[in-house]
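Heads up, the thing below is written out as structure tokens.
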Amino acid sequence: MMLIGGVEMEKDFESKMRLPNQTASGVSGGGVERSRTFTFRAPQEQFTIQDFELGKIYGVGSYSKVVRAKKKDTGKVYALKIMDKKFITKEKKTSYVKLERIVLDQLDHPGIVRLLFTFQDNYSLYMALESCEGGELFGQITRKGSLSEADARFYAAEVIDALEYIHGVGLVHRDIKPENLLLTSDGHIKIADFGSVKPMKDSQIKLLPTSSTDEKACTFVGAAAYVPPEVLNSSPATFGNDLWALGCTLYQMLSGTSPFKDASEWLIFQRIIARDLKFPDYFSDEATDLIDKLLDTEPGKRLGTGPDGYAALKMHPFFKGIDWENLREQLAPKLAMNPNATEGDDDQDVPWSLAHTGDGSQNIPGADVSSGGTTSSESSSLSRIASIDSFDSRWQEFLEPGEAVVMISMVKKIQKLTNKKVQLILTDKPKLIYVDPSKLILKGNIIWSDNPNDLSIQVTSSSLFKIVTPKKVITFDDAKQRAWQWKKAIEGLQNR
């Protein structure tokens, strides 16, 4: 996918990620070898990382990071996504990386973030994406508290305009949310983060012969607060997935909070399945009706699906007055800038965050990770759902009636000789246990105490943390880099 330049890669990696602008071979069912050639718009440049002046780190994921990068000779600014080759191969992320590159390179719509060029060196793959200086839509909602109906109407219309194109070429985005809706400097929406994209069988996107559109057809992706009920039941991806997320996003624009917000992912999932949904009194009848029809529990009945498709969605009374033909030429809502920013400060509006690295992780912008300090930016990020662990009734057997999961994650329990995967579960009892996920056996019960002298958590990196009790110290490694969130969840219960 993003194998670029003339630098030779490790043979194992190169065998899995054939250069897209080379001729790629495949074997048909009859055993006859056929060749197809793919030519991509984004050039594979001979650049090196030394050609760029690297600035603020916008986000760090398990195998990638996104940084502000200014080309030294031109002064042009990019959002540079840097991916670790060795980790991608080891963790079998190749198909995701390859698919994102192939998809981004072929999409051509003003409402979709553009891939400009790629390059590589011995250690990393680089994707230069356009920098959206207006930041995330999430940031606008946070700064304004909520959006006016007029502003929400405009943003929703631009998202629909881009989604119609994405669905029209046979793709399901699967991670629509305010964090992945970026704003240009003049305030127009661009959809970002295609790391979870799913091509449908009739997709117009050209894939490499070795690419599989059926791989992990029921993969559980996205942010918890925007996941549709059918995904929780492991149903295959449909266009309706994105329309549900659009409904959640519109609700959040108008109210300032997601429609299924709750204290934990587990409780959020329960509310989604039950469609436990309440509309504020100040929502207009048109807005309420539109969101209600987008959040239909039957994906095939959501407005925008069915025989009338997007025509019916665009004709909804909520969008009265929208000029769909000239949407991108209209004046966008005025952007609310970061009140803590100064002129010329790179931090004015972070155009990319960890959610855009395609691995489902989250960063905590502005947080002092070395000391665990908290900023207002961090607090708002903590209100987001970073990632999803399996919604699985298996864990219910380890809970008492009425007990709810506050945080749950598959982690490695670090020992001297071996590292074992366990499901670490924190409940509102409070209770802190870890379970063997394959044998479904309780492996440990960490004695709870509200006294930090008897129970404390020490964070050593974004993924590593230690739970300390008078009798023992247990080290865990959370691949989703939520060590600080584990600390805040445990200390939050201690200080409840």
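Each chain in the structure tokens gets a letter, A, B, ..., in the order shown, and its residues are numbered from 1; ligands are numbered from 1 in order too.
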Do you know which residues are at most 12 Å from Ile467 (chain A) counting only C-alpha atoms, after dropping those on the same chain fewer than 4 positions away, and could you put them as a PyMOL selection string? chain A and resi 413-414+424+432-433+445-449+452-460+471-477+483+486-487+490-491
Within 10 Å of Gly134 (chain A), counting only C-alpha atoms, which residues qualify if same-chain residues fewer than 2 places away don't, as a CSV table (one decimal) with all heavy atoms, in the first residue's frame?
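So out-v8.csv came out as:
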```
chain,number,residue,atom,x,y,z
A,131,SER,N,-3.6,19.2,5.5
A,131,SER,CA,-3.8,19.6,6.8
A,131,SER,C,-5.1,20.5,6.9
A,131,SER,O,-5.2,21.5,6.2
A,131,SER,CB,-2.6,20.4,7.3
A,131,SER,OG,-2.8,20.9,8.6
A,132,CYS,N,-6.0,20.1,7.7
A,132,CYS,CA,-7.3,20.9,7.9
A,132,CYS,C,-7.1,21.8,9.0
A,132,CYS,O,-7.3,21.4,10.2
A,132,CYS,CB,-8.4,19.9,8.0
A,132,CYS,SG,-8.7,18.9,6.6
A,136,GLU,N,-11.0,19.8,14.4
A,136,GLU,CA,-12.1,18.8,14.4
A,136,GLU,C,-13.5,19.5,14.7
A,136,GLU,O,-13.5,20.5,15.4
A,136,GLU,CB,-11.9,17.8,15.5
A,136,GLU,CG,-10.6,17.0,15.4
A,136,GLU,CD,-10.4,16.1,16.7
A,136,GLU,OE1,-11.2,16.3,17.6
A,136,GLU,OE2,-9.5,15.3,16.7
A,137,LEU,N,-14.5,18.9,14.1
A,137,LEU,CA,-15.9,19.4,14.5
A,137,LEU,C,-16.1,19.2,16.0
A,137,LEU,O,-16.8,20.0,16.6
A,137,LEU,CB,-16.9,18.6,13.7
A,137,LEU,CG,-18.4,18.9,14.0
A,137,LEU,CD1,-18.7,20.4,13.6
A,137,LEU,CD2,-19.3,18.0,13.2
A,139,GLY,N,-14.1,19.8,18.3
A,139,GLY,CA,-13.6,21.0,18.9
A,139,GLY,C,-14.5,22.2,18.9
A,139,GLY,O,-14.7,22.9,19.9
A,140,GLN,N,-15.2,22.3,17.8
A,140,GLN,CA,-16.3,23.4,17.7
A,140,GLN,C,-17.4,23.1,18.6
A,140,GLN,O,-17.9,24.1,19.3
A,140,GLN,CB,-16.8,23.5,16.2
A,140,GLN,CG,-15.7,23.9,15.2
A,140,GLN,CD,-15.2,25.3,15.5
A,140,GLN,OE1,-15.9,26.2,15.6
A,140,GLN,NE2,-13.9,25.4,15.7
A,182,LEU,N,-13.3,16.8,9.9
A,182,LEU,CA,-12.3,17.9,10.0
A,182,LEU,C,-12.8,19.2,9.3
A,182,LEU,O,-13.6,19.0,8.3
A,182,LEU,CB,-10.9,17.5,9.5
A,182,LEU,CG,-10.4,16.2,10.0
A,182,LEU,CD1,-9.0,16.0,9.5
A,182,LEU,CD2,-10.4,16.3,11.6
A,183,LEU,N,-12.3,20.3,9.7
A,183,LEU,CA,-12.8,21.6,9.1
A,183,LEU,C,-11.6,22.3,8.4
A,183,LEU,O,-10.5,22.4,8.9
A,183,LEU,CB,-13.3,22.5,10.2
A,183,LEU,CG,-14.6,22.0,10.8
A,183,LEU,CD1,-14.8,22.7,12.2
A,183,LEU,CD2,-15.8,22.1,9.9
A,184,THR,N,-11.9,22.8,7.2
A,184,THR,CA,-10.9,23.6,6.5
A,184,THR,C,-10.7,24.9,7.2
A,184,THR,O,-11.5,25.3,8.0
A,184,THR,CB,-11.3,23.7,5.0
A,184,THR,OG1,-12.5,24.4,5.0
A,184,THR,CG2,-11.4,22.4,4.3
A,185,SER,N,-9.8,25.7,6.7
A,185,SER,CA,-9.6,27.0,7.3
A,185,SER,C,-10.8,27.9,7.1
A,185,SER,O,-11.1,28.8,7.9
A,185,SER,CB,-8.4,27.7,6.8
A,185,SER,OG,-8.5,27.8,5.3
A,186,ASP,N,-11.6,27.7,6.1
A,186,ASP,CA,-12.8,28.4,5.8
A,186,ASP,C,-14.1,27.7,6.3
A,186,ASP,O,-15.2,28.2,6.0
A,186,ASP,CB,-13.0,28.8,4.4
A,186,ASP,CG,-13.0,27.6,3.4
A,186,ASP,OD1,-12.8,26.5,3.9
A,186,ASP,OD2,-13.2,27.8,2.2
A,187,GLY,N,-13.9,26.6,7.1
A,187,GLY,CA,-15.0,26.1,7.8
A,187,GLY,C,-15.8,25.0,7.1
A,187,GLY,O,-16.9,24.6,7.6
A,188,HIS,N,-15.3,24.4,6.1
A,188,HIS,CA,-16.0,23.3,5.4
A,188,HIS,C,-15.6,22.0,5.9
A,188,HIS,O,-14.4,21.8,6.2
A,188,HIS,CB,-15.9,23.4,3.9
A,188,HIS,CG,-16.6,24.6,3.3
A,188,HIS,ND1,-17.9,24.5,2.9
A,188,HIS,CD2,-16.3,25.9,3.0
A,188,HIS,CE1,-18.4,25.7,2.4
A,188,HIS,NE2,-17.4,26.5,2.5
A,189,ILE,N,-16.5,21.0,5.9
A,189,ILE,CA,-16.3,19.7,6.4
A,189,ILE,C,-15.5,18.8,5.5
A,189,ILE,O,-15.8,18.8,4.3
A,189,ILE,CB,-17.6,19.0,6.8
A,189,ILE,CG1,-18.2,19.6,8.0
A,189,ILE,CG2,-17.4,17.5,7.0
A,189,ILE,CD1,-17.6,19.2,9.4
A,335,LEU,N,-15.9,29.8,12.6
A,335,LEU,CA,-15.2,28.9,13.5
A,335,LEU,C,-14.9,29.6,14.8
A,335,LEU,O,-14.5,30.8,14.9
A,335,LEU,CB,-13.8,28.5,12.9
A,335,LEU,CG,-13.9,27.7,11.6
A,335,LEU,CD1,-12.5,27.4,11.1
A,335,LEU,CD2,-14.7,26.4,11.8
A,336,ALA,N,-15.1,28.9,15.9
A,336,ALA,CA,-14.7,29.3,17.2
A,336,ALA,C,-13.3,28.8,17.5
A,336,ALA,O,-13.0,27.6,17.5
A,336,ALA,CB,-15.7,28.7,18.3
A,337,MET,N,-12.4,29.8,17.7
A,337,MET,CA,-11.0,29.4,17.8
A,337,MET,C,-10.7,29.0,19.3
A,337,MET,O,-11.4,29.4,20.2
A,337,MET,CB,-10.0,30.6,17.4
A,337,MET,CG,-10.3,31.0,16.0
A,337,MET,SD,-10.3,29.7,14.7
A,337,MET,CE,-8.5,29.3,14.8
A,348,GLN,N,-3.0,26.1,17.9
A,348,GLN,CA,-4.3,26.8,17.8
A,348,GLN,C,-5.5,25.9,17.5
A,348,GLN,O,-6.4,25.9,18.2
A,348,GLN,CB,-4.2,27.9,16.6
A,348,GLN,CG,-3.5,29.1,17.0
A,348,GLN,CD,-3.6,30.1,15.9
A,348,GLN,OE1,-4.7,30.3,15.3
A,348,GLN,NE2,-2.6,30.8,15.6
A,349,ASP,N,-5.3,25.1,16.5
A,349,ASP,CA,-6.4,24.1,16.2
A,349,ASP,C,-5.7,22.9,15.7
A,349,ASP,O,-5.1,22.9,14.6
A,349,ASP,CB,-7.4,24.6,15.2
A,349,ASP,CG,-8.5,25.3,15.8
A,349,ASP,OD1,-9.3,24.7,16.5
A,349,ASP,OD2,-8.7,26.5,15.6
A,350,VAL,N,-5.8,21.8,16.5
A,350,VAL,CA,-5.1,20.6,16.1
A,350,VAL,C,-5.9,19.9,15.0
A,350,VAL,O,-7.0,19.4,15.3
A,350,VAL,CB,-4.9,19.6,17.3
A,350,VAL,CG1,-4.3,18.3,16.9
A,350,VAL,CG2,-4.1,20.3,18.4
A,351,PRO,N,-5.4,19.8,13.8
A,351,PRO,CA,-6.2,19.3,12.7
A,351,PRO,C,-6.4,17.7,12.8
A,351,PRO,O,-7.2,17.2,12.1
A,351,PRO,CB,-5.5,19.7,11.5
A,351,PRO,CG,-4.1,19.9,11.9
A,351,PRO,CD,-4.2,20.4,13.3
```
Rounded to one decimal, what separation in Å do you get between CA of Leu294 (chain A) and CA of Gly247 (chain A)?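 Taking CA of Leu294 (chain A) and CA of Gly247 (chain A), their separation equals 5.2 Å.
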Please identify which residues in region 142-342 of chain A DSSP calls alpha helix (DSSP H) from the backbone, and express them as a count of residues only. 70
Among listed residues A:Pro229, A:Pro333, A:Gly170, A:Gly145, nearest Glu158 (chain A) (using only C-alpha atoms):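 Nearest candidate to Glu158 (chain A) out of A:Pro229, A:Pro333, A:Gly170, A:Gly145: A:Pro333.
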For Lys293 (chain A), please output as a list of chain:residue names all residues within 12 Å (counting only C-alpha atoms; exclusion window: fewer than 2 positions along the same chain).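 Residues near the query, excluding close chain neighbours: A:Gly240, A:Leu243, A:Trp244, A:Leu246, A:Gly247, A:Cys248, A:Glu286, A:Ala287, A:Thr288, A:Asp289, A:Leu290, A:Ile291, A:Leu295, A:Asp296, A:Thr297, A:Glu298, A:Pro299, A:Gly300, A:Lys301, A:Arg302, A:Leu303, A:Gly304, A:Thr305, A:Ala312, A:Leu313, A:His316, A:Phe318.
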Quick one: pull the distance between CA of Ile112 (chain A) and CA of Thr89 (chain A), Å, one decimal. 27.9 Å
Residues at most 8 Å from region 401-406 of chain A, counting only C-alpha atoms, excluding those fewer than 2 positions away in the same chain, as JSON, numbers by chain? {"A": [263, 264, 265, 266, 267, 399, 408, 425, 426, 427, 428, 429, 489]}
